[in-house]
Amino acid sequence: MREAVEQLLLPAECLLCRALLSFFGSTRLVCDVCRHRWRPVRPPWCGRCGQPEPSFGRCRLCAAWPAAFGLARSAVWLDAGAREAVHALKYGGLPRIAADLAAAMVGLDVPGLDSGLLVPVPLGQARLRARGYNQSERLARALGRRWQRPVVDLLVRTRDTAAQTALTPEARLANVAGAFRVRIGDCGLRISSERLESAIRNPKSAIILVDDVFTTGATLAEAARALERAGAGTVLAVTFGRAVVPDFT
Ligand SMILES: [Zn+2]
Ligand SMILES: [Zn+2]
């Protein structure tokens with residue numbers, strides 16, 4: 001309902017470049033031109049974390065990930081236009097833009113997608129109250145509709161963590177340590193706890209974490225750790241954007 005009203009009130013123009021959107025494109029917030037400017041993340045990359053491979057040696061970004069965390073992929077690099085779209089989703093009160101971001105993620109190559117469960121990375125209570133919605137949950141729902149996979153609210157944040165933006169990779173790890181736990185009951189899926197538990201344990205049915213942005217992967221790795229502790233066989237992750245890792249050295 002709120003989204004229908006929003007659609008009537010907002011002019012049908014692209015959120016990023018203000019070009020008029022065609023009538024048929026009016027459920028979208030970003031025009032084709034802007035969407036095509038988003039720069040896809042492409043190989044060569046580390047087969048596991050999807051980061052461009054270092055010029056020498058092994059990838060260090062994913063070396064300490066829990067064993068169950070098999071793969072992370074992102075749709076586009078977080079350049080200006082993509083960053084603005086993520087901002088609209090997170091801070092602009094425009095959850096509807098999740099459909100545009102999900103459209104960019106549909107083509108991501110995720111093994112075992114056919115039997116996968118989408119799990120949004122949860123927000124802490126304080127941030128959820130302030131924002132009114134979890135942007136990752138909106139993204140997971142939009143993606144779930146496209147992929148026709150169920151969305152399961154399997155994770156809860158045990159505490160509000162500090163914003164990661166200004167932290168070094170090491171500080172990010174410490175900041176999210178133990179920040180998640182798994183809840184089996186009351187996760188929004190109408191199947192028995194037993195069936196859900198066995199689905200989680202089945203290595204062939206992947207738990208696919210969904211988040212808006214991949215920066216160092218610390219948050220996703222911590223979420224994967226909580227799932228692994230709960231017996232998850234395979235954890236994968238998809239994000240819309242991938243930030244170029246800042247050089248802290
Ligand atoms: Zn545009
Ligand atoms: Zn890697």
# chains A, B, ... in the order shown; residues from 1 in each chain; ligands from 1
$ residues_near_ligand --ligand "ligand 1" --cutoff "6 Å" --atoms "only C-alpha atoms and all ligand atoms" --output "MDAnalysis selection string"
chainID A and resid 14 16:17 19 30:31 33:34
$ select_by_dssp --residues "stretch 197-242 of chain A" --states "helix (DSSP H, G or I)" --output "list of chain:residue names"
A:Glu197, A:Ser198, A:Ala199, A:Ile200, A:Arg201, A:Ala218, A:Thr219, A:Leu220, A:Ala221, A:Glu222, A:Ala223, A:Ala224, A:Arg225, A:Ala226, A:Leu227, A:Glu228, A:Arg229
$ closest_atom_pairs --of "chain A" --to "ligand 2" --cutoff "6 Å" --atoms "only C-alpha atoms and all ligand atoms" --output "Markdown table"
| residue | atom | partner | partner_atom_place_in_ligand_line | distance |
| --- | --- | --- | --- | --- |
| A:Cys46 | CA | ligand 2 | 1 (Zn) | 4.6 |
| A:Arg48 | CA | ligand 2 | 1 (Zn) | 5.1 |
| A:Cys49 | CA | ligand 2 | 1 (Zn) | 4.1 |
| A:Gln51 | CA | ligand 2 | 1 (Zn) | 5.9 |
| A:Cys59 | CA | ligand 2 | 1 (Zn) | 4.5 |
| A:Leu61 | CA | ligand 2 | 1 (Zn) | 5.1 |
| A:Cys62 | CA | ligand 2 | 1 (Zn) | 4.3 |
$ write_last_selection --atoms "all heavy atoms" --output "PDB file, in the first residue's frame"
ATOM      1  N   CYS A  46      39.386 -14.414  -7.390  1.00  0.00           N
ATOM      2  CA  CYS A  46      39.564 -15.543  -6.492  1.00  0.00           C
ATOM      3  C   CYS A  46      38.277 -16.362  -6.563  1.00  0.00           C
ATOM      4  O   CYS A  46      37.184 -15.827  -6.376  1.00  0.00           O
ATOM      5  CB  CYS A  46      39.808 -15.045  -5.070  1.00  0.00           C
ATOM      6  SG  CYS A  46      39.608 -16.334  -3.826  1.00  0.00           S
ATOM      7  N   ARG A  48      36.884 -18.227  -4.683  1.00  0.00           N
ATOM      8  CA  ARG A  48      36.075 -18.301  -3.472  1.00  0.00           C
ATOM      9  C   ARG A  48      35.392 -16.962  -3.154  1.00  0.00           C
ATOM     10  O   ARG A  48      34.186 -16.874  -3.106  1.00  0.00           O
ATOM     11  CB  ARG A  48      36.956 -18.738  -2.301  1.00  0.00           C
ATOM     12  CG  ARG A  48      36.146 -19.135  -1.091  1.00  0.00           C
ATOM     13  CD  ARG A  48      37.067 -19.554   0.034  1.00  0.00           C
ATOM     14  NE  ARG A  48      36.332 -20.118   1.144  1.00  0.00           N
ATOM     15  CZ  ARG A  48      36.823 -20.228   2.365  1.00  0.00           C
ATOM     16  NH1 ARG A  48      38.064 -19.853   2.603  1.00  0.00           N
ATOM     17  NH2 ARG A  48      36.097 -20.742   3.328  1.00  0.00           N
ATOM     18  N   CYS A  49      36.177 -15.913  -2.952  1.00  0.00           N
ATOM     19  CA  CYS A  49      35.573 -14.645  -2.496  1.00  0.00           C
ATOM     20  C   CYS A  49      35.211 -13.711  -3.642  1.00  0.00           C
ATOM     21  O   CYS A  49      34.562 -12.693  -3.417  1.00  0.00           O
ATOM     22  CB  CYS A  49      36.472 -13.942  -1.490  1.00  0.00           C
ATOM     23  SG  CYS A  49      38.037 -13.385  -2.165  1.00  0.00           S
ATOM     24  N   GLN A  51      37.030 -11.757  -5.333  1.00  0.00           N
ATOM     25  CA  GLN A  51      37.838 -10.534  -5.376  1.00  0.00           C
ATOM     26  C   GLN A  51      38.901 -10.702  -6.473  1.00  0.00           C
ATOM     27  O   GLN A  51      39.360 -11.820  -6.688  1.00  0.00           O
ATOM     28  CB  GLN A  51      38.508 -10.342  -4.008  1.00  0.00           C
ATOM     29  CG  GLN A  51      39.051  -8.963  -3.759  1.00  0.00           C
ATOM     30  CD  GLN A  51      37.951  -7.914  -3.537  1.00  0.00           C
ATOM     31  OE1 GLN A  51      36.771  -8.233  -3.555  1.00  0.00           O
ATOM     32  NE2 GLN A  51      38.350  -6.685  -3.357  1.00  0.00           N
ATOM     33  N   CYS A  59      45.099 -15.572  -2.304  1.00  0.00           N
ATOM     34  CA  CYS A  59      44.156 -14.559  -1.839  1.00  0.00           C
ATOM     35  C   CYS A  59      44.127 -14.560  -0.314  1.00  0.00           C
ATOM     36  O   CYS A  59      43.958 -15.598   0.308  1.00  0.00           O
ATOM     37  CB  CYS A  59      42.767 -14.852  -2.396  1.00  0.00           C
ATOM     38  SG  CYS A  59      41.514 -13.711  -1.801  1.00  0.00           S
ATOM     39  N   LEU A  61      42.116 -12.373   1.415  1.00  0.00           N
ATOM     40  CA  LEU A  61      40.826 -11.852   1.877  1.00  0.00           C
ATOM     41  C   LEU A  61      39.955 -12.956   2.479  1.00  0.00           C
ATOM     42  O   LEU A  61      39.281 -12.759   3.489  1.00  0.00           O
ATOM     43  CB  LEU A  61      40.092 -11.183   0.708  1.00  0.00           C
ATOM     44  CG  LEU A  61      38.898 -10.320   1.079  1.00  0.00           C
ATOM     45  CD1 LEU A  61      39.333  -9.102   1.867  1.00  0.00           C
ATOM     46  CD2 LEU A  61      38.132  -9.892  -0.161  1.00  0.00           C
ATOM     47  N   CYS A  62      39.984 -14.149   1.860  1.00  0.00           N
ATOM     48  CA  CYS A  62      39.071 -15.202   2.304  1.00  0.00           C
ATOM     49  C   CYS A  62      39.792 -16.318   3.050  1.00  0.00           C
ATOM     50  O   CYS A  62      39.176 -17.338   3.389  1.00  0.00           O
ATOM     51  CB  CYS A  62      38.305 -15.770   1.109  1.00  0.00           C
ATOM     52  SG  CYS A  62      39.371 -16.456  -0.166  1.00  0.00           S
TER      53      CYS A  62
END
$ closest_residue --among "A:Pro44, A:Asp32, A:Asn202, A:Leu143" --to "A:Leu20" --atoms "only C-alpha atoms"
A:Asp32
$ residues_around --residues "A:Leu220" --least-positions-apart "5" --cutoff "12 Å" --atoms "only C-alpha atoms" --output "PyMOL selection string"
chain A and resi 49+62+65-66+68-73+119-122+136+155+172-173+176-180+207-215+225-227+235-239
$ decode --residues "stretch 174-210 of chain A" --atoms "C-alpha atoms" --output "compact mmCIF listing (two decimals), in the first residue's frame"
# COMPACT_ATOMS: atom_id res chain seq x y z
CA ALA A 174 36.59 -7.69 15.89
CA ASN A 175 33.56 -5.46 15.50
CA VAL A 176 31.32 -8.25 14.14
CA ALA A 177 32.72 -11.16 16.19
CA GLY A 178 29.81 -13.13 17.67
CA ALA A 179 27.29 -10.63 16.27
CA PHE A 180 24.92 -13.26 14.86
CA ARG A 181 22.94 -16.23 16.02
CA VAL A 182 20.67 -18.65 14.18
CA ARG A 183 16.97 -18.94 14.97
CA ILE A 184 15.09 -21.94 13.68
CA GLY A 185 11.57 -21.20 14.93
CA ASP A 186 9.79 -18.02 13.83
CA CYS A 187 11.94 -17.48 10.77
CA GLY A 188 9.09 -16.67 8.40
CA LEU A 189 9.00 -19.98 6.54
CA ARG A 190 6.00 -22.25 6.94
CA ILE A 191 7.80 -25.55 7.34
CA SER A 192 8.55 -27.53 10.46
CA SER A 193 11.70 -26.83 12.46
CA GLU A 194 12.86 -30.38 11.73
CA ARG A 195 12.58 -29.92 7.99
CA LEU A 196 14.30 -26.57 8.14
CA GLU A 197 17.11 -27.98 10.24
CA SER A 198 17.69 -30.84 7.84
CA ALA A 199 17.65 -28.40 4.90
CA ILE A 200 20.32 -26.33 6.64
CA ARG A 201 22.48 -29.37 7.27
CA ASN A 202 22.17 -30.68 3.72
CA PRO A 203 25.36 -29.57 1.93
CA LYS A 204 23.49 -29.73 -1.38
CA SER A 205 20.96 -27.08 -0.36
CA ALA A 206 22.97 -23.93 0.01
CA ILE A 207 22.22 -21.14 2.44
CA ILE A 208 22.65 -18.03 0.33
CA LEU A 209 23.37 -14.91 2.37
CA VAL A 210 22.12 -11.69 0.81
